[in-house]
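Undergrad: What follows is my_file27.cif; its format and atoms are mmCIF, C-alpha atoms and all ligand atoms.
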```
data_coords
loop_
_atom_site.label_atom_id
_atom_site.label_comp_id
_atom_site.auth_asym_id
_atom_site.auth_seq_id
_atom_site.Cartn_x
_atom_site.Cartn_y
_atom_site.Cartn_z
CA MET A 1 -20.68 -123.91 -220.74
CA THR A 2 -21.30 -127.56 -219.76
CA LYS A 3 -22.40 -128.48 -216.24
CA LYS A 4 -18.99 -130.03 -215.63
CA ASP A 5 -17.24 -126.76 -216.62
CA GLN A 6 -19.61 -124.78 -214.41
CA ILE A 7 -18.86 -127.05 -211.48
CA GLU A 8 -15.14 -126.69 -212.10
CA LEU A 9 -15.33 -122.90 -212.30
CA ALA A 10 -17.53 -122.72 -209.18
CA ASN A 11 -15.00 -124.90 -207.39
CA ARG A 12 -12.19 -122.54 -208.32
CA PHE A 13 -14.32 -119.64 -207.14
CA LEU A 14 -14.86 -121.34 -203.77
CA THR A 15 -11.16 -121.96 -203.45
CA ILE A 16 -10.24 -118.32 -204.06
CA LEU A 17 -12.91 -117.32 -201.54
CA GLY A 18 -10.89 -119.25 -199.00
CA ASP A 19 -13.32 -122.17 -198.82
CA ARG A 20 -14.68 -121.18 -195.39
CA ILE A 21 -17.27 -118.93 -193.87
CA GLY A 22 -15.78 -115.46 -193.50
CA GLY A 23 -13.41 -116.01 -196.42
CA GLY A 24 -13.44 -113.37 -199.13
CA ILE A 25 -11.83 -111.59 -202.04
CA ALA A 26 -12.16 -108.25 -203.82
CA LEU A 27 -14.70 -108.35 -206.62
CA LEU A 28 -12.27 -107.12 -209.26
CA GLU A 29 -9.65 -109.62 -208.20
CA ALA A 30 -12.17 -112.47 -208.44
CA GLU A 31 -13.08 -111.38 -211.99
CA LYS A 32 -9.42 -111.33 -212.90
CA LYS A 33 -8.52 -114.65 -211.29
CA LEU A 34 -11.44 -116.43 -212.92
CA SER A 35 -11.19 -114.50 -216.23
CA ALA A 36 -14.91 -113.83 -215.78
CA THR A 37 -17.05 -110.85 -216.79
CA PRO A 38 -19.20 -109.17 -214.08
CA THR A 39 -22.27 -110.94 -215.53
CA GLN A 40 -20.54 -114.32 -215.47
CA LEU A 41 -19.46 -113.73 -211.89
CA ARG A 42 -23.01 -112.80 -210.84
CA HIS A 43 -24.22 -115.99 -212.50
CA LEU A 44 -21.62 -117.99 -210.61
CA ILE A 45 -22.72 -116.45 -207.30
CA GLU A 46 -26.31 -117.44 -208.09
CA LEU A 47 -25.24 -120.95 -208.97
CA LEU A 48 -23.32 -121.36 -205.73
CA GLY A 49 -26.33 -120.00 -203.84
CA GLY A 50 -28.45 -122.79 -205.27
CA TRP A 51 -25.90 -125.31 -204.04
CA GLY A 52 -25.94 -123.94 -200.50
CA TYR A 53 -22.97 -121.54 -200.63
CA LYS A 54 -24.06 -117.94 -200.02
CA VAL A 55 -21.74 -115.20 -201.27
CA LYS A 56 -22.47 -111.60 -200.23
CA GLU A 57 -21.20 -108.51 -202.01
CA SER A 58 -20.55 -105.24 -200.25
CA ASP A 59 -18.21 -102.35 -201.08
CA GLY A 60 -16.53 -104.19 -203.91
CA GLN A 61 -15.77 -107.16 -201.67
CA LEU A 62 -17.17 -110.69 -201.94
CA ASN A 63 -17.57 -112.78 -198.81
CA LEU A 64 -18.63 -116.36 -198.22
CA VAL A 65 -21.27 -116.03 -195.49
CA GLU A 66 -22.96 -119.40 -195.51
CA VAL A 67 -21.94 -122.95 -196.37
CA GLY A 68 -24.92 -125.26 -196.60
CA ASP A 69 -24.76 -128.96 -195.94
CA PHE A 70 -25.85 -130.27 -199.33
CA VAL A 71 -25.01 -133.71 -200.68
CA ASN A 72 -25.18 -132.92 -204.37
CA ASP A 73 -22.92 -133.38 -207.34
CA PHE A 74 -21.13 -130.07 -206.75
CA ALA A 75 -20.51 -130.47 -203.04
CA ILE A 76 -19.24 -134.03 -203.43
CA ARG A 77 -16.91 -133.10 -206.30
CA HIS A 78 -15.62 -130.21 -204.23
CA TYR A 79 -14.15 -132.69 -201.75
CA LEU A 80 -13.66 -135.76 -203.96
CA ALA A 81 -10.17 -137.26 -203.98
CA ALA A 82 -11.02 -140.82 -205.06
CA LYS A 83 -10.05 -141.67 -208.63
CA VAL A 84 -12.62 -144.32 -209.56
CA LEU A 85 -15.38 -144.18 -206.98
CA GLY A 86 -17.72 -141.24 -207.48
CA GLN A 87 -16.52 -140.33 -210.97
CA LYS A 88 -20.17 -140.72 -211.98
CA ILE A 89 -22.62 -139.25 -209.48
CA HIS A 90 -26.42 -139.54 -209.49
CA SER A 91 -27.71 -137.32 -206.69
CA TYR A 92 -31.35 -136.92 -205.70
CA GLN A 93 -33.37 -134.94 -203.18
CA SER A 94 -35.53 -137.95 -202.56
CA LEU A 95 -35.47 -141.60 -203.66
CA GLY A 96 -37.17 -144.82 -202.61
CA SER A 97 -33.88 -146.61 -202.02
CA THR A 98 -30.44 -145.73 -203.40
CA ASN A 99 -29.70 -149.49 -203.59
CA THR A 100 -32.71 -150.05 -205.86
CA THR A 101 -31.76 -147.17 -208.17
CA ALA A 102 -28.10 -148.24 -208.23
CA TRP A 103 -29.22 -151.79 -209.14
CA GLN A 104 -31.29 -150.46 -212.05
CA LEU A 105 -28.40 -148.29 -213.25
CA ALA A 106 -26.00 -151.24 -212.99
CA GLU A 107 -28.35 -153.36 -215.09
CA GLN A 108 -28.26 -150.59 -217.69
CA GLY A 109 -24.45 -150.75 -217.71
CA ALA A 110 -23.44 -148.06 -215.16
CA PRO A 111 -19.65 -148.21 -214.76
CA GLU A 112 -17.68 -149.34 -211.73
CA GLY A 113 -17.69 -146.66 -209.05
CA THR A 114 -21.01 -145.06 -209.99
CA LEU A 115 -22.38 -143.32 -206.90
CA VAL A 116 -26.09 -142.93 -206.15
CA VAL A 117 -26.90 -140.63 -203.26
CA ALA A 118 -30.14 -139.22 -201.89
CA ASP A 119 -30.84 -136.56 -199.29
CA ARG A 120 -33.70 -138.72 -198.04
CA GLN A 121 -35.07 -142.17 -198.77
CA THR A 122 -38.74 -143.01 -198.58
CA ALA A 123 -38.19 -146.78 -198.65
CA GLY A 124 -34.64 -147.22 -197.31
CA ARG A 125 -33.89 -150.92 -196.87
CA GLY A 126 -31.98 -152.98 -194.34
CA ARG A 127 -31.35 -156.72 -194.64
CA LEU A 128 -34.08 -159.35 -194.73
CA GLY A 129 -36.86 -156.90 -195.54
CA ARG A 130 -36.11 -154.58 -192.63
CA SER A 131 -36.33 -150.84 -193.14
CA TRP A 132 -33.73 -148.12 -192.78
CA HIS A 133 -34.74 -144.77 -191.30
CA SER A 134 -33.45 -142.14 -193.76
CA PRO A 135 -34.79 -138.65 -192.96
CA PRO A 136 -33.73 -135.56 -194.99
CA ARG A 137 -30.76 -133.25 -194.32
CA VAL A 138 -29.08 -135.29 -191.59
CA GLY A 139 -27.62 -138.50 -192.95
CA LEU A 140 -25.63 -140.05 -195.76
CA TRP A 141 -27.69 -142.53 -197.74
CA PHE A 142 -25.77 -143.79 -200.74
CA SER A 143 -24.88 -146.80 -202.89
CA LEU A 144 -21.95 -147.72 -205.08
CA VAL A 145 -21.95 -149.86 -208.21
CA LEU A 146 -18.94 -152.20 -208.10
CA ARG A 147 -17.82 -154.67 -210.74
CA PRO A 148 -15.05 -156.72 -209.12
CA GLU A 149 -13.83 -159.86 -210.85
CA ILE A 150 -14.41 -162.15 -207.89
CA ALA A 151 -16.34 -165.32 -207.10
CA PRO A 152 -19.82 -164.79 -205.61
CA ALA A 153 -18.67 -166.34 -202.31
CA GLU A 154 -16.18 -163.50 -201.87
CA ALA A 155 -18.83 -160.75 -202.07
CA PRO A 156 -19.72 -160.71 -198.33
CA GLY A 157 -16.14 -159.58 -197.75
CA LEU A 158 -17.17 -156.27 -199.31
CA SER A 159 -19.53 -155.56 -196.39
CA LEU A 160 -16.69 -156.02 -193.93
CA LEU A 161 -14.38 -153.94 -196.10
CA THR A 162 -16.97 -151.16 -196.18
CA ALA A 163 -17.37 -151.32 -192.41
CA LEU A 164 -13.60 -151.04 -192.05
CA ALA A 165 -13.47 -147.99 -194.35
CA LEU A 166 -16.35 -146.38 -192.42
CA ALA A 167 -14.63 -147.00 -189.09
CA GLN A 168 -11.42 -145.54 -190.52
CA THR A 169 -13.25 -142.48 -191.87
CA ILE A 170 -14.94 -141.83 -188.53
CA GLN A 171 -11.67 -142.21 -186.72
CA SER A 172 -9.62 -139.97 -188.99
CA ARG A 173 -12.22 -137.21 -189.42
CA CYS A 174 -14.07 -137.25 -186.09
CA ARG A 175 -11.31 -138.61 -183.84
CA MET A 176 -13.79 -141.09 -182.49
CA GLU A 177 -13.37 -144.84 -182.21
CA ALA A 178 -15.92 -146.78 -184.25
CA LYS A 179 -16.26 -150.55 -183.95
CA ILE A 180 -17.24 -153.07 -186.59
CA LYS A 181 -20.15 -155.27 -185.68
CA TRP A 182 -20.04 -158.38 -187.86
CA PRO A 183 -21.26 -158.62 -190.54
CA ASN A 184 -22.51 -155.19 -191.57
CA ASP A 185 -22.70 -152.54 -188.86
CA CYS A 186 -20.56 -149.77 -187.48
CA GLN A 187 -21.04 -148.84 -183.87
CA ILE A 188 -19.91 -146.08 -181.59
CA ALA A 189 -20.08 -146.84 -177.88
CA GLY A 190 -22.27 -149.85 -178.56
CA LYS A 191 -24.83 -148.01 -180.69
CA LYS A 192 -25.37 -148.34 -184.41
CA VAL A 193 -24.07 -145.37 -186.36
CA ALA A 194 -24.03 -147.02 -189.79
CA GLY A 195 -25.48 -150.02 -191.60
CA ILE A 196 -24.38 -151.66 -194.84
CA LEU A 197 -26.53 -153.49 -197.36
CA THR A 198 -24.55 -155.44 -199.95
CA GLU A 199 -26.54 -156.89 -202.84
CA LEU A 200 -25.16 -159.19 -205.47
CA SER A 201 -26.01 -159.93 -209.08
CA SER A 202 -24.14 -163.02 -210.17
CA GLU A 203 -23.99 -166.19 -212.20
CA MET A 204 -22.88 -169.47 -210.63
CA ASP A 205 -19.18 -168.66 -210.64
CA ARG A 206 -18.96 -165.01 -211.62
CA VAL A 207 -20.09 -161.71 -210.16
CA ASN A 208 -21.91 -159.39 -212.57
CA PHE A 209 -22.02 -156.49 -210.16
CA VAL A 210 -22.29 -155.71 -206.47
CA ILE A 211 -24.25 -152.85 -204.97
CA VAL A 212 -22.82 -151.64 -201.69
CA GLY A 213 -25.33 -149.45 -199.85
CA VAL A 214 -24.37 -147.38 -196.84
CA GLY A 215 -26.53 -145.55 -194.34
CA LEU A 216 -24.48 -143.33 -192.03
CA ASN A 217 -26.16 -141.23 -189.36
CA VAL A 218 -24.35 -137.89 -189.44
CA ASN A 219 -26.13 -134.87 -187.99
CA GLN A 220 -29.17 -136.32 -186.22
CA THR A 221 -29.86 -135.12 -182.71
CA LYS A 222 -31.10 -137.68 -180.18
CA SER A 223 -34.68 -136.56 -180.70
CA ASP A 224 -34.44 -137.09 -184.48
CA PHE A 225 -34.50 -140.86 -183.95
CA PRO A 226 -37.88 -142.56 -183.74
CA ALA A 227 -38.81 -144.23 -180.44
CA GLY A 228 -37.74 -147.71 -181.58
CA LEU A 229 -34.21 -146.55 -182.42
CA LYS A 230 -33.50 -144.10 -179.60
CA THR A 231 -31.65 -146.57 -177.40
CA LYS A 232 -29.81 -148.46 -180.12
CA ALA A 233 -28.87 -145.83 -182.74
CA THR A 234 -26.51 -142.90 -182.67
CA SER A 235 -25.05 -140.30 -185.03
CA LEU A 236 -21.71 -138.57 -185.45
CA PHE A 237 -23.30 -135.40 -184.06
CA VAL A 238 -24.66 -137.13 -180.95
CA GLU A 239 -21.21 -138.57 -180.25
CA THR A 240 -19.03 -135.58 -181.10
CA LYS A 241 -21.36 -132.58 -180.52
CA THR A 242 -20.16 -131.29 -183.88
CA LYS A 243 -22.13 -130.82 -187.11
CA TRP A 244 -20.34 -132.39 -190.05
CA GLN A 245 -20.34 -131.50 -193.76
CA ARG A 246 -21.93 -134.63 -195.15
CA ALA A 247 -20.34 -134.25 -198.60
CA GLU A 248 -16.91 -134.01 -197.03
CA VAL A 249 -17.47 -137.13 -194.93
CA LEU A 250 -18.75 -138.98 -197.99
CA ALA A 251 -15.75 -137.96 -200.11
CA LEU A 252 -13.38 -139.05 -197.36
CA PHE A 253 -15.11 -142.42 -197.10
CA LEU A 254 -14.80 -142.88 -200.89
CA LYS A 255 -11.07 -142.25 -200.67
CA GLU A 256 -10.57 -144.67 -197.77
CA PHE A 257 -12.76 -147.32 -199.34
CA GLU A 258 -11.15 -147.01 -202.77
CA HIS A 259 -7.74 -147.57 -201.24
CA PHE A 260 -8.93 -150.80 -199.59
CA TYR A 261 -11.05 -151.91 -202.54
CA LEU A 262 -8.17 -151.82 -205.03
CA GLN A 263 -6.25 -154.22 -202.82
CA PHE A 264 -9.35 -156.34 -202.18
CA LYS A 265 -9.76 -156.87 -205.93
CA LYS A 266 -6.28 -158.41 -206.06
CA SER A 267 -6.06 -160.28 -202.78
CA GLY A 268 -9.56 -160.60 -201.32
CA ILE A 269 -10.49 -159.90 -197.71
CA ALA A 270 -7.70 -161.97 -196.08
CA PRO A 271 -5.12 -159.12 -195.78
CA PHE A 272 -7.69 -157.02 -193.88
CA ILE A 273 -8.83 -159.60 -191.34
CA LYS A 274 -6.35 -158.64 -188.59
CA GLU A 275 -7.34 -154.99 -188.80
CA ILE A 276 -11.05 -155.80 -188.84
CA GLU A 277 -10.62 -158.05 -185.80
CA ARG A 278 -8.76 -155.30 -184.00
CA ARG A 279 -11.79 -153.07 -184.42
CA MET A 280 -14.38 -155.73 -183.87
CA ALA A 281 -17.20 -155.20 -181.39
CA LEU A 282 -18.08 -158.26 -179.27
CA LEU A 283 -14.69 -159.97 -179.60
CA GLY A 284 -14.35 -162.39 -176.70
CA GLN A 285 -17.96 -161.88 -175.62
CA LYS A 286 -20.68 -164.49 -175.23
CA VAL A 287 -23.23 -164.07 -177.98
CA LYS A 288 -26.25 -165.61 -179.58
CA LEU A 289 -26.03 -166.05 -183.35
CA ALA A 290 -29.21 -166.45 -185.33
CA ALA A 291 -28.49 -167.89 -188.78
CA GLY A 292 -31.65 -168.86 -190.62
CA LYS A 293 -33.54 -171.23 -188.35
CA GLU A 294 -30.46 -172.10 -186.31
CA VAL A 295 -29.54 -170.35 -183.07
CA ILE A 296 -26.04 -170.93 -181.72
CA THR A 297 -24.54 -169.61 -178.52
CA GLY A 298 -20.85 -169.21 -178.00
CA LYS A 299 -17.93 -166.86 -177.48
CA VAL A 300 -16.74 -164.70 -180.39
CA ALA A 301 -13.28 -166.06 -181.19
CA GLY A 302 -12.55 -163.91 -184.24
CA LEU A 303 -12.77 -164.10 -188.00
CA ALA A 304 -11.67 -166.73 -190.50
CA PRO A 305 -9.43 -165.58 -193.38
CA ASP A 306 -12.52 -165.33 -195.61
CA GLY A 307 -14.40 -163.10 -193.14
CA ALA A 308 -16.62 -165.81 -191.62
CA LEU A 309 -17.38 -165.38 -187.93
CA LEU A 310 -15.78 -167.94 -185.59
CA LEU A 311 -17.56 -168.91 -182.40
CA GLU A 312 -16.27 -171.11 -179.62
CA THR A 313 -19.19 -173.25 -178.57
CA LYS A 314 -19.58 -176.07 -176.03
CA THR A 315 -19.29 -178.59 -178.84
CA GLY A 316 -16.35 -177.01 -180.63
CA SER A 317 -15.64 -174.26 -183.13
CA TYR A 318 -18.52 -172.90 -185.26
CA ARG A 319 -18.14 -170.96 -188.47
CA ALA A 320 -20.88 -168.57 -189.68
CA ILE A 321 -20.96 -166.90 -193.06
CA SER A 322 -24.14 -164.95 -192.36
CA GLY A 323 -26.49 -164.20 -189.51
CA GLU A 324 -27.35 -161.86 -186.71
CA VAL A 325 -25.29 -161.54 -183.55
CA ALA A 326 -26.61 -160.36 -180.18
CA VAL A 327 -24.85 -160.18 -176.83
CA LEU A 328 -26.15 -162.69 -174.33
C1 LIG B 1 -28.61 -152.60 -192.25
O1 LIG B 1 -29.58 -153.55 -192.21
O2 LIG B 1 -28.02 -152.17 -191.31
C2 LIG B 1 -28.35 -152.06 -193.65
C3 LIG B 1 -28.80 -150.65 -193.81
C4 LIG B 1 -28.40 -150.09 -195.15
C5 LIG B 1 -29.00 -148.75 -195.41
C6 LIG B 1 -28.48 -148.12 -196.67
S1 LIG B 1 -29.01 -146.48 -196.87
C7 LIG B 1 -28.47 -146.43 -198.50
C8 LIG B 1 -28.80 -147.79 -199.11
N1 LIG B 1 -30.13 -147.80 -199.67
C9 LIG B 1 -30.94 -148.62 -198.98
O3 LIG B 1 -32.15 -148.81 -199.25
N2 LIG B 1 -30.26 -149.22 -197.99
C10 LIG B 1 -28.89 -148.82 -197.98
P1 LIG B 1 -29.92 -154.41 -190.93
O4 LIG B 1 -28.68 -155.02 -190.36
O5 LIG B 1 -31.01 -155.30 -191.38
O6 LIG B 1 -30.44 -153.37 -189.88
C11 LIG B 1 -31.71 -152.78 -190.00
C12 LIG B 1 -32.12 -152.36 -188.61
O7 LIG B 1 -31.34 -151.23 -188.19
C13 LIG B 1 -33.57 -151.89 -188.53
O8 LIG B 1 -34.44 -152.97 -188.33
C14 LIG B 1 -33.52 -150.95 -187.32
O9 LIG B 1 -33.59 -151.68 -186.11
C15 LIG B 1 -32.14 -150.35 -187.40
N3 LIG B 1 -32.16 -149.04 -188.07
C16 LIG B 1 -33.01 -148.56 -189.02
N4 LIG B 1 -32.67 -147.31 -189.39
C17 LIG B 1 -31.59 -146.97 -188.66
C18 LIG B 1 -30.77 -145.82 -188.58
N5 LIG B 1 -30.96 -144.74 -189.35
N6 LIG B 1 -29.74 -145.85 -187.68
C19 LIG B 1 -29.49 -146.91 -186.91
N7 LIG B 1 -30.23 -148.03 -186.93
C20 LIG B 1 -31.26 -148.06 -187.80
#
```
Step by step, read the file and then write its structure as structure tokens.
Ligand code: BT5

TA:
Amino acid sequence: MTKKDQIELANRFLTILGDRIGGGIALLEAEKKLSATPTQLRHLIELLGGWGYKVKESDGQLNLVEVGDFVNDFAIRHYLAAKVLGQKIHSYQSLGSTNTTAWQLAEQGAPEGTLVVADRQTAGRGRLGRSWHSPPRVGLWFSLVLRPEIAPAEAPGLSLLTALALAQTIQSRCRMEAKIKWPNDCQIAGKKVAGILTELSSEMDRVNFVIVGVGLNVNQTKSDFPAGLKTKATSLFVETKTKWQRAEVLALFLKEFEHFYLQFKKSGIAPFIKEIERRMALLGQKVKLAAGKEVITGKVAGLAPDGALLLETKTGSYRAISGEVAVL
């Protein structure tokens, strides 16, 4: 049996177990429903155990007694509803940076939608050489290979689109309002819950591929954050007091993002600007924008149709396509 078939069979098994802790089925019925021999069924139980799903047998009854929070191929496929994103999954216990691995895979021809995910990163990257704290078991650290037919100047729109899909995912799953902090953060209650690193391989007028990397803090407690991040970072757990299945959150994000991305490929970022503005942190506030060597102060007026940030300054309107914004 191929790995794909095994995953499919294990998925069916989980479904007939009720897909929740405490769910169960009679042993004989499971054999019948899966057309499996007792040996095959035992093998399947072992396989699920290795993926974090513990099935216990007693008195001819099988019960699901533990559901681990693994972010592996199986767990992601169990929840996956996207049609293009995540069709190819490379999952690792530990990686330097999922963006770096995704870049290498893209150079070797990895198809659109290839997902690279790691339980921990040892050299997680932010922008401009900054680092991203990516400890094991608590977060989602992943990258997507995208191959949109767009001009290089349109690529930054993908960061905003990703932030919008993240905010939407957090809202629909966690019932929690997440804001978009231009150009690449998601915040809850003013603290950073996710960061996005978009990297571009292009020629002068054509994109070869884009790597969209996402770090989303999911199950960290306050004390899991290092001293330097304690006051400015947060996680879904800190905000909601609920532990989340990371694979489920990831699959939901892929579905939301895919929906937006298919439209983005046709019409760019313009149709999303109103919605991004509606969810924008710092709208109307006085800020300091650092863009390269320039520092500009002004009030956040909104976004241009191409996703550039618009500031109202003393000398008129200012348009920024990149930079760092801080409240004054
Ligand atoms: C970002 O950079 O926010 C982009 C982060 C992207 C991370 C993902 S993880 C998967 C993929 N593989 C990678 O190697 N990277 C991507 P930037 O705007 O430069 O923000 C970086 C700053 O955020 C750091 O200097 C810290 O102050 C802060 N930071 C670091 N780790 C954090 C965390 N886990 N949660 C919140 N803030 C963090």

Undergrad: With distances taken over all atoms listed in the file, which of A:Phe142, A:Phe70, A:Phe260, A:Tyr53 is nearest to Gln168 in chain A?

TA: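 The closest residue to Gln168 in chain A is A:Phe260.
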
Undergrad: Can you tell me which residues sit at most 6 Å away from ligand LIG 1 (chain B), counting only C-alpha atoms and all ligand atoms, written as a PyMOL selection string?

TA: chain A and resi 97-99+124-127+130-134+141-143+185+192-193+195-197+213-215+217+233

Undergrad: Using all atoms listed in the file, which residue out of A:Thr221, A:Gln171, A:Gln87, A:Thr100 lies closest to Val138 in chain A?

TA: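 Distance minimum relative to Val138 in chain A lands on A:Thr221.
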
Undergrad: Interatomic distance between CA of Phe74 in chain A and CA of Asp5 in chain A?

TA: 11.1 Å

Undergrad: Determine, counting all atoms listed in the file, which protein, DNA and RNA residues have an atom within 8 Å of an atom of Leu64 in chain A; residues of the same chain fewer than 3 positions away are not included. Present the result as a ChimeraX atom specification.

TA: /A:17,19-24,53-56,67

Undergrad: Between CA of Asn219 in chain A and CA of Phe237 in chain A, what is the distance in Å, rounded to a tenth?

TA: 4.9 Å

Undergrad: Between A:Tyr318, A:Tyr261, A:Phe225, A:Trp51, which is the closest to Ala82 in chain A once you count all atoms listed in the file?

TA: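 Under the stated criterion, the closest residue is A:Tyr261.
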
Undergrad: Would you pick out the contacts of Gln40 in chain A at 10 Å or less, using all atoms listed in the file, so that residues sharing its chain but fewer than 6 positions from it are not included, and give the list as an MDAnalysis selection string?

TA: chainID A and resid 31 34 46

Undergrad: How far is it from CA of Ile188 in chain A to CA of Lys222 in chain A, in Å with one decimal?

TA: 14.1 Å

Undergrad: My list of candidates is A:Lys299, A:Gly190, A:Leu27, A:Pro135. Which is closest to Asp224 in chain A when distances are computed with only C-alpha atoms?

TA: A:Pro135

Undergrad: Of the residues A:Glu199, A:Glu154, A:Glu312, A:Asp69, which is the one nearest to Val249 in chain A, using only C-alpha atoms?

TA: A:Asp69

Undergrad: How would range 83-102 of chain A look written as an mmCIF file, in the first residue's frame with N, CA and C atoms?

TA:
```
data_model
loop_
_atom_site.group_PDB
_atom_site.id
_atom_site.type_symbol
_atom_site.label_atom_id
_atom_site.label_comp_id
_atom_site.auth_asym_id
_atom_site.auth_seq_id
_atom_site.Cartn_x
_atom_site.Cartn_y
_atom_site.Cartn_z
ATOM 1 N N LYS A 83 -7.895 23.235 -2.813
ATOM 2 C CA LYS A 83 -7.745 22.346 -3.978
ATOM 3 C C LYS A 83 -6.354 22.405 -4.596
ATOM 4 N N VAL A 84 -5.691 23.537 -4.461
ATOM 5 C CA VAL A 84 -4.362 23.701 -5.065
ATOM 6 C C VAL A 84 -3.288 23.794 -3.976
ATOM 7 N N LEU A 85 -3.540 24.660 -3.001
ATOM 8 C CA LEU A 85 -2.551 24.853 -1.948
ATOM 9 C C LEU A 85 -2.503 23.616 -1.053
ATOM 10 N N GLY A 86 -1.287 23.130 -0.814
ATOM 11 C CA GLY A 86 -1.141 21.985 0.087
ATOM 12 C C GLY A 86 -1.348 20.641 -0.586
ATOM 13 N N GLN A 87 -1.481 20.621 -1.915
ATOM 14 C CA GLN A 87 -1.585 19.315 -2.584
ATOM 15 C C GLN A 87 -0.270 18.560 -2.466
ATOM 16 N N LYS A 88 0.835 19.318 -2.422
ATOM 17 C CA LYS A 88 2.153 18.714 -2.147
ATOM 18 C C LYS A 88 2.609 19.242 -0.791
ATOM 19 N N ILE A 89 2.908 18.337 0.129
ATOM 20 C CA ILE A 89 3.307 18.776 1.473
ATOM 21 C C ILE A 89 4.694 18.223 1.804
ATOM 22 N N HIS A 90 5.583 19.091 2.244
ATOM 23 C CA HIS A 90 6.878 18.669 2.783
ATOM 24 C C HIS A 90 6.860 19.049 4.259
ATOM 25 N N SER A 91 6.723 18.058 5.143
ATOM 26 C CA SER A 91 6.672 18.410 6.570
ATOM 27 C C SER A 91 7.900 17.879 7.292
ATOM 28 N N TYR A 92 8.392 18.669 8.219
ATOM 29 C CA TYR A 92 9.637 18.347 8.933
ATOM 30 C C TYR A 92 9.442 18.580 10.424
ATOM 31 N N GLN A 93 10.200 17.783 11.210
ATOM 32 C CA GLN A 93 10.236 18.049 12.661
ATOM 33 C C GLN A 93 10.989 19.342 12.906
ATOM 34 N N SER A 94 12.099 19.484 12.190
ATOM 35 C CA SER A 94 12.935 20.651 12.422
ATOM 36 C C SER A 94 13.584 21.088 11.109
ATOM 37 N N LEU A 95 13.612 22.385 10.886
ATOM 38 C CA LEU A 95 14.250 22.940 9.680
ATOM 39 C C LEU A 95 14.974 24.219 10.086
ATOM 40 N N GLY A 96 15.910 24.669 9.262
ATOM 41 C CA GLY A 96 16.476 25.999 9.485
ATOM 42 C C GLY A 96 15.353 27.011 9.304
ATOM 43 N N SER A 97 14.915 27.152 8.056
ATOM 44 C CA SER A 97 13.825 28.081 7.744
ATOM 45 C C SER A 97 12.964 27.459 6.640
ATOM 46 N N THR A 98 11.653 27.449 6.836
ATOM 47 C CA THR A 98 10.777 26.869 5.804
ATOM 48 C C THR A 98 10.862 27.705 4.516
ATOM 49 N N ASN A 99 11.121 29.031 4.652
ATOM 50 C CA ASN A 99 11.259 29.847 3.443
ATOM 51 C C ASN A 99 12.468 29.414 2.614
ATOM 52 N N THR A 100 13.569 29.109 3.302
ATOM 53 C CA THR A 100 14.783 28.706 2.582
ATOM 54 C C THR A 100 14.559 27.383 1.859
ATOM 55 N N THR A 101 13.932 26.425 2.555
ATOM 56 C CA THR A 101 13.679 25.117 1.926
ATOM 57 C C THR A 101 12.683 25.265 0.774
ATOM 58 N N ALA A 102 11.650 26.074 0.982
ATOM 59 C CA ALA A 102 10.654 26.265 -0.087
ATOM 60 C C ALA A 102 11.323 26.897 -1.310
#
```
